[in-house]
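**Student:** Let me give you the structure first, and then I'll get to my questions.
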Amino acid sequence: MVEAHVHGVGNALAAGWRVLERGGSALDAVEEAVVIMEDDETFDAGRGSFLNRDGKVQLDALIMDGATLRAGGVGCVERLRNPVRAARKILSESPHIYFVGEGAEKFAAQHGIALCRNEDLIIPREVERLREYQAKIPTLRQAQGELSGAKNAPEMGHPTGSELFAGADDDPTTSVDTVGAVALDRDGNIAAATSTGGTLNKAPGRLGDSSLIGCGCYADNVSAAASTTGWGEPIMKLVLAKWTVDRIAAGNLPEWAAQEAMNYLKQRVSGHGGIIVLSPEGHFGIAHNTPRMAWAYRTVKQQESGVERDKP
Ligand code: ASP
């Protein structure tokens with residue numbers, strides 16, 4: 001799994017870099033990088049995503065342009081291989097910013113994006129993962145009910161952030177893999193994109209942080225570009241991507257802001273996740289308070305990747 005993740009983020013980095021190298025925009029670079037990871041079954045985005053409670057893939061994505069503050073988002077789409085492509089079309093060709101469900105799919109189809117079947121996005125690994133997870137629900141429900149005394153709450157049996165994202169689950173194949181990219185181009189513009197299949201066994205129609213402006217993704221040339229991953233509900237409560245770029249607008253370095261965002265997430269709402277942040281000056285931060293988060297970066301001077309990021 002570690003090798004597949006490092007390989008996957010490396011491929012995404014190469015795709016984004018190719019765009020930047022030939023003078024392309026940061027917006028194009030993050031789109032291309034995210035497409036590569038959506039197509040890679042290693043990650044929880046595009047084909048190979050986690051399944052929801054009904055055994056379907058439901059995808060969310062957002063892309064944002066720091067130069068214009070234009071954004072495009074899709075939520076709960078079931079028939080798009082590359083939701084970030086549809087998000088980009090919304091950004092470029094619609095007066096609206098956000099489409100969900102069938103309306104988003106219709107918009108995509110009308111703008112030249114082929115629709116697929118939901119089954120085309122489902123892989124056997126995820127069918128098995130959901131089956132195993134759902135088989136454990138009665139035990140989880142009992143444990144949670146005993147702790148809270150609320151035995152019949154419908155959300156009982158849903159994994160909590162501390163179980164999945166904190167790595168308390170001892171299953172080494174458990175990983176939670178929203179994808180994201182941030183980029184700075186030759187014109188000094190920054191952009192960000194995030195794409196996800198959301199969380200395992202989520203309720204149909206549940207939307208996480210990833211595709212919400214300021215939560216899972218944000219970009220503004222006057223502050224920074226950011227993309228987050230992690231348990232969506234706590235991240236949404238803090239509007240974490242915007243919180244982080246605001247720290248940079250106030251004069252802090254992205255490296256510090258990224259780490260502070262993780263501290264804030266943990267302290268304020270017991271959340272777990274990760275973040276990548278990039279300023280228009282080319283300073284960047286990568287931080288996570290999960291056991292691991294695959295990351296990769298390239299600058300004109302150097303290139304690095306890994307699955308753990310040391311605290312500054
Ligand atoms: N943030 C995503 C969500 O809650 C999940 C993830 O980042 O892995 O939908």
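Following the order of the structure tokens, first chain is A, next is B, and so on, with residues numbered from 1 inside each chain and ligands from 1 in the order they appear.
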Return as a compact mmCIF listing (two decimals) with N, CA, C and O atoms, in the first residue's frame the residues of protein, DNA or RNA that approach ligand 1 to within 6 Å, with only C-alpha atoms and all ligand atoms taken into account.
**Tutor:**
# COMPACT_ATOMS: atom_id res chain seq x y z
N VAL A 176 -7.49 5.93 4.03
CA VAL A 176 -8.54 6.88 3.70
C VAL A 176 -7.91 7.95 2.83
O VAL A 176 -7.12 8.75 3.30
N ASP A 177 -8.25 7.89 1.56
CA ASP A 177 -7.37 8.48 0.56
C ASP A 177 -7.95 9.52 -0.35
O ASP A 177 -7.83 9.41 -1.58
N THR A 178 -8.58 10.52 0.18
CA THR A 178 -8.94 11.66 -0.65
C THR A 178 -7.68 12.19 -1.32
O THR A 178 -6.60 12.10 -0.75
N GLY A 198 -15.25 10.04 -0.52
CA GLY A 198 -15.83 10.22 0.82
C GLY A 198 -15.43 9.11 1.77
O GLY A 198 -14.36 8.52 1.61
N THR A 199 -16.29 8.85 2.73
CA THR A 199 -15.93 7.89 3.77
C THR A 199 -16.67 6.56 3.59
O THR A 199 -17.77 6.53 3.05
N GLY A 208 -19.03 15.38 2.24
CA GLY A 208 -17.97 15.69 3.20
C GLY A 208 -17.41 17.07 2.99
O GLY A 208 -17.99 17.91 2.30
N ASP A 209 -16.25 17.29 3.56
CA ASP A 209 -15.59 18.60 3.46
C ASP A 209 -14.93 18.85 2.10
O ASP A 209 -14.80 19.98 1.66
N SER A 210 -14.51 17.75 1.45
CA SER A 210 -13.57 17.86 0.32
C SER A 210 -13.99 18.84 -0.76
O SER A 210 -13.18 19.60 -1.26
N THR A 229 -7.44 16.61 3.70
CA THR A 229 -8.00 15.26 3.75
C THR A 229 -8.27 14.94 5.21
O THR A 229 -7.77 15.63 6.11
N GLY A 230 -9.07 13.92 5.44
CA GLY A 230 -9.35 13.54 6.82
C GLY A 230 -10.83 13.39 7.04
O GLY A 230 -11.62 13.48 6.10
N TRP A 231 -11.19 13.15 8.27
CA TRP A 231 -12.60 12.96 8.59
C TRP A 231 -13.34 14.26 8.33
O TRP A 231 -13.07 15.28 8.96
N GLY A 232 -14.25 14.22 7.35
CA GLY A 232 -14.84 15.45 6.81
C GLY A 232 -15.65 16.28 7.79
O GLY A 232 -15.60 17.51 7.75
**Student:** With only C-alpha atoms as the counted atoms, please give the residues lying no more than 9 Å from Ala114 in chain A, apart from itself and same-chain residues fewer than 4 positions off, as a ChimeraX atom specification.
**Tutor:** /A:79-81,108-109
**Student:** Find the residues near Trp17 in chain A: any atom within 10 Å, counting only C-alpha atoms, skip ones fewer than 5 places away on the same chain, and give them as a ChimeraX atom specification.
**Tutor:** /A:11-12,22-24,26,29-30,32-33,183,185,297-300
**Student:** Closest to Ile235 in chain A among A:Val269, A:Leu115, A:Val34, A:Ala203, using only C-alpha atoms?
**Tutor:**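 Checking each candidate against Ile235 in chain A, we get A:Val269 as the closest.
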**Student:** For Arg117 in chain A, please output as a PyMOL selection string all residues within 12 Å (counting only C-alpha atoms; exclusion window: fewer than 6 positions along the same chain).
**Tutor:** chain A and resi 47+56-58+77-81+105
**Student:** So which bits of range 66-144 of chain A end up strand (DSSP E or B) when you DSSP the backbone, as number ranges by chain?
**Tutor:** A: 71-77, 98-100
**Student:** Skipping near chain neighbours, those fewer than 3 positions away, what residues fall within 6 Å of Val100 in chain A using only C-alpha atoms, listed as a PyMOL selection string?
**Tutor:** chain A and resi 74-76+103-104
**Student:** A:Ala15, A:Val84, A:Met262, A:Ala191: which is nearest Trp243 in chain A, counting only C-alpha atoms?
**Tutor:**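 Closest to Trp243 in chain A of all the choices is A:Met262.
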**Student:** What are the nearest atom pairs, with distances in Å to one decimal, for all residues of range 66-118 of chain A that come at most 12 Å from range 224-227 of chain A, using only C-alpha atoms, set out by chain and rising residue number as a tab-separated table?
**Tutor:**
residue	atom	partner	partner_atom	distance
A:Gly66	CA	A:Ala225	CA	7.1
A:Ala67	CA	A:Ala225	CA	10.6
A:Leu69	CA	A:Ala225	CA	10.8
**Student:** Taking C-alpha atoms for each residue, export the selection above as an mmCIF file, in the first residue's frame.
**Tutor:**
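Saved file part.cif follows:
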data_model
loop_
_atom_site.group_PDB
_atom_site.id
_atom_site.type_symbol
_atom_site.label_atom_id
_atom_site.label_comp_id
_atom_site.auth_asym_id
_atom_site.auth_seq_id
_atom_site.Cartn_x
_atom_site.Cartn_y
_atom_site.Cartn_z
ATOM 1 C CA GLY A 66 -6.536 31.776 -6.816
ATOM 2 C CA ALA A 67 -6.291 34.500 -9.456
ATOM 3 C CA LEU A 69 -11.556 33.126 -6.996
#
**Student:** If I take CA of Ala192 in chain A and CA of Gly180 in chain A, how far is one from the other in Å, to one decimal?
**Tutor:**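 So the two atoms, CA of Ala192 in chain A and CA of Gly180 in chain A, lie 7.4 Å apart.
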**Student:** Between A:His7, A:Lys301, A:Lys242, A:Arg18, single out the one closest to Val277 in chain A, counting only C-alpha atoms.
**Tutor:**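 For Val277 in chain A, the nearest of the candidates is A:Lys242.
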**Student:** One decimal, Å: what's the distance from CA of Ile113 in chain A over to CA of Ala61 in chain A, could you say?
**Tutor:**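 Answer for the CA of Ile113 in chain A to CA of Ala61 in chain A separation: 15.1 Å.
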**Student:** Name the closest residue to Ile90 in chain A among the candidates A:Ile63, A:Cys116, A:Ile213, A:Val9; distances are taken between atoms, counting only C-alpha atoms.
**Tutor:**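 Among the listed residues, A:Ile63 lies closest to Ile90 in chain A.
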**Student:** Determine the nearest neighbour of Lys311 in chain A from the options A:Ala71, A:Ala257, A:Val179, A:Leu27, counting only C-alpha atoms.
**Tutor:**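 Looking at the shortest contact to Lys311 in chain A, the residue is A:Ala257.
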**Student:** Can you work out the spacing between CA of Ser195 in chain A and CA of Gly112 in chain A in Å, to one decimal?
**Tutor:**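 For CA of Ser195 in chain A relative to CA of Gly112 in chain A, the distance reads 19.9 Å.
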**Student:** Taking the DSSP assignment computed from this structure's backbone, write out as number ranges by chain all residues of range 7-225 of chain A that belong to helix (DSSP H, G or I).
**Tutor:** A: 7-21, 26-39, 83-93, 101-110, 118-121, 124-148, 161-164
**Student:** For Cys217 in chain A, which residue among A:Asn82, A:Gln303, A:Asn289, A:Thr244 is the nearest when counting only C-alpha atoms?
**Tutor:**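 Result for the nearest residue to Cys217 in chain A: A:Thr244.
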